[in-house]
Structures are given as structure tokens and as C-alpha cells.
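To start, the structure under review is shown below, and the notes come after it.
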Amino acid sequence: MSLTINPKPSVCVFCGSRPGTEATHMQMADDLGGRLARADMRLVYGAGDVGLMGAVARAAQTAGGQTFGVIPVHLMQREVGKRDLSTFIVTENMHERKKVMFMNADAIVTLPGGPGSLDELFEVLTWAQLGLHAKPVILINHKGYWDKLLELIDHMIEQGFADASFRALLSVVDGVDQAMEILDLRLSRDKAS
């Protein structure tokens, strides 16, 4: 279910609803939000105003970007639903939230986060593995935050529980500059075709 017709490329950002212990993660979220807005890309995210989620949204808004937030009703208080977004949607549950975010995005970027971010990332990777979409999926492995996850993926492949092609579905980068290069390349190419 796509809720809005949007001519701008839309990037779904999965990230923590907490700031984490590494201060530069918040700075990176701020950088990404601002860069998406300046590149005329709409931010799609979980509609919270806390942690990395809040930082990426506030930066996009400050830079004049469009923001599309989706939050389930049971997280309105916990994640401080950010009602001043360009589009603010409240869903009944987490499954609906993920579906609406995914359907309204042309690409996915994952920043550091916790179990929720892992759930979101693996769902879109699994869908890609099954051939249900070909959207770029980018993992920003800032300061090696996701190293253990990447080791686990390699272990699953080595143990025969995933095909080697699974790893290729994920573009792993160190920072926002590399993520923006991939987004610029993939989204401008998709728009031209």
C-alpha cells in the first residue's frame, strides 16, 4: 500500500531509537538527514523524535527536506511520535509500519541500531533474496558497529544456511559519503530507466 505519490526519490532509514554510547553515531545520523534533504531525496523512517531516528529527521527538516514518518500507535509515547513531519502516519502494529515504510521507499539505509533495526534490515534482505524487490540496501558500518553482524552472515553462508549471493544483496559502507554515492548512482539510474 503506497500512501503518497512522490516524484522525489525516497530513502528509508532504519536506525536506533536510542543515541547509543558512541557520540559520532548521532553526528552521522544528523549528517545523513541533511545530505538526503540537500540531494532532494525524501526521508522515510520510523517517525520517532528520539535517538538516531530523531537526529536524522530533525536534520532533514532543518535542511528543508521532505519527511515521511510511520509509527505504530503503541510506540507513540515511547519513541515520541514526531508529528511535525511532512507526512505522519500512525499504524496499528509493527508489521504494518514496516510495510508502509518499505512501500514508500526506493532504497534502504541502515545506521547503527538495536533489535528493531536488525528486524527491519533482515526482512528487506530476505525479500530481496526471494526476488520480491531489487531496491538498494545499504548498511553503514560506522566505526565497525556492524562487524559482528557481517561475521554472522559470513558464518551462515559458510555453514550452508545462506547462498553466497545473499552477501551481495547488502552494500556495506563506512560512512555517509559512500552511502550517498550509491544512492545517487542507483536512484538516478532507476529514474532514467
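Ordering of the C-alpha cells sets the chain letters (A, B, ...), residue numbers begin anew at 1 in every chain, and ligands are numbered from 1 in the order given.
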
Residues of stretch 85-113 of chain A at most 8 Å from stretch 65-72 of chain A: nearest atom pair and distance in Å, only C-alpha atoms, as JSON lines:
{"residue": "A:Leu85", "atom": "CA", "partner": "A:Thr67", "partner_atom": "CA", "distance": 5.4}
{"residue": "A:Ser86", "atom": "CA", "partner": "A:Thr67", "partner_atom": "CA", "distance": 5.0}
{"residue": "A:Thr87", "atom": "CA", "partner": "A:Phe68", "partner_atom": "CA", "distance": 4.6}
{"residue": "A:Phe88", "atom": "CA", "partner": "A:Gly69", "partner_atom": "CA", "distance": 5.0}
{"residue": "A:Ile89", "atom": "CA", "partner": "A:Val70", "partner_atom": "CA", "distance": 4.8}
{"residue": "A:Val90", "atom": "CA", "partner": "A:Ile71", "partner_atom": "CA", "distance": 5.0}
{"residue": "A:Thr91", "atom": "CA", "partner": "A:Pro72", "partner_atom": "CA", "distance": 4.4}
{"residue": "A:Glu92", "atom": "CA", "partner": "A:Pro72", "partner_atom": "CA", "distance": 5.4}
{"residue": "A:Asn93", "atom": "CA", "partner": "A:Pro72", "partner_atom": "CA", "distance": 5.1}
{"residue": "A:Met94", "atom": "CA", "partner": "A:Pro72", "partner_atom": "CA", "distance": 6.0}
{"residue": "A:Glu96", "atom": "CA", "partner": "A:Pro72", "partner_atom": "CA", "distance": 7.9}
{"residue": "A:Arg97", "atom": "CA", "partner": "A:Val70", "partner_atom": "CA", "distance": 5.8}
{"residue": "A:Val100", "atom": "CA", "partner": "A:Val70", "partner_atom": "CA", "distance": 7.3}
{"residue": "A:Met101", "atom": "CA", "partner": "A:Val70", "partner_atom": "CA", "distance": 6.6}

* Residue neighbourhood A:Gly144, 10 Å, only C-alpha atoms, exclusion window fewer than 6 positions, as a list in words -> Pro112, Leu150, Val173 and Asp174 of chain A

* Asked: What are the DSSP alpha helix (DSSP H) residues of chain A, as a ChimeraX atom specification?
  -> /A:23-38,51-62,94-103,115-129,147-158,165-168,176-192

Hey, could you make a per-residue contact list for stretch 27-59 of chain A against stretch 11-14 of chain A with 10 Å as the cut-off, showing the nearest pair of atoms and its distance in Å to one decimal, counting only C-alpha atoms, sorted by chain and number, as JSON lines?
{"residue": "A:Ala29", "atom": "CA", "partner": "A:Val13", "partner_atom": "CA", "distance": 9.5}
{"residue": "A:Leu32", "atom": "CA", "partner": "A:Val13", "partner_atom": "CA", "distance": 9.3}
{"residue": "A:Gly33", "atom": "CA", "partner": "A:Val13", "partner_atom": "CA", "distance": 9.2}
{"residue": "A:Leu36", "atom": "CA", "partner": "A:Val11", "partner_atom": "CA", "distance": 7.9}
{"residue": "A:Met41", "atom": "CA", "partner": "A:Val11", "partner_atom": "CA", "distance": 6.7}
{"residue": "A:Arg42", "atom": "CA", "partner": "A:Val11", "partner_atom": "CA", "distance": 6.2}
{"residue": "A:Leu43", "atom": "CA", "partner": "A:Val11", "partner_atom": "CA", "distance": 5.3}
{"residue": "A:Val44", "atom": "CA", "partner": "A:Cys12", "partner_atom": "CA", "distance": 4.4}
{"residue": "A:Tyr45", "atom": "CA", "partner": "A:Val13", "partner_atom": "CA", "distance": 5.3}
{"residue": "A:Gly46", "atom": "CA", "partner": "A:Phe14", "partner_atom": "CA", "distance": 7.5}
{"residue": "A:Leu52", "atom": "CA", "partner": "A:Phe14", "partner_atom": "CA", "distance": 9.2}
{"residue": "A:Met53", "atom": "CA", "partner": "A:Phe14", "partner_atom": "CA", "distance": 7.9}
{"residue": "A:Val56", "atom": "CA", "partner": "A:Val13", "partner_atom": "CA", "distance": 8.5}
{"residue": "A:Ala57", "atom": "CA", "partner": "A:Val13", "partner_atom": "CA", "distance": 9.7}

* atom CA of A:Phe161 to atom CA of A:Arg186, straight-line distance in Å ->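 So the answer is 29.1 Å.
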
* May I have the residues within 9 Å of A:Val124 as a PyMOL selection string, using only C-alpha atoms and disregarding those fewer than 4 positions away in the same chain? => chain A and resi 102+108+119-120+128-129+133+135+137

Restricting it to C-alpha atoms, dump the selection as a PDB file, in the first residue's frame.
ATOM      1  CA  PHE A 102       9.145  -0.162   2.583  1.00  0.00           C
ATOM      2  CA  ILE A 108      17.059   1.421   2.294  1.00  0.00           C
ATOM      3  CA  ASP A 119      14.483  -6.966  12.267  1.00  0.00           C
ATOM      4  CA  GLU A 120      13.832  -4.315   9.624  1.00  0.00           C
ATOM      5  CA  ALA A 128      15.452  -9.273  -1.855  1.00  0.00           C
ATOM      6  CA  GLN A 129      16.812 -12.828  -1.590  1.00  0.00           C
ATOM      7  CA  HIS A 133      12.408  -6.391  -4.798  1.00  0.00           C
ATOM      8  CA  LYS A 135      15.923  -1.862  -4.099  1.00  0.00           C
ATOM      9  CA  VAL A 137      20.052  -1.971   0.697  1.00  0.00           C
TER      10      VAL A 137
END

* Asked: What does the distance between atom CA of A:Asp177 and atom CA of A:Ala37 come to in Å, to one decimal place?
  ->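 Going from atom CA of A:Asp177 over to atom CA of A:Ala37 covers 14.1 Å.
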
* To do: Measuring atom to atom with only C-alpha atoms, identify which of A:Leu125, A:Ala39, A:Ala55, A:Val50 is nearest to A:Phe166.
  =>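 Ranked by minimum distance to A:Phe166, first place goes to A:Leu125.
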
* Report as a count of residues only: the residues of chain A with a DSSP assignment of strand (DSSP E or B), based on the backbone of this structure. => 33
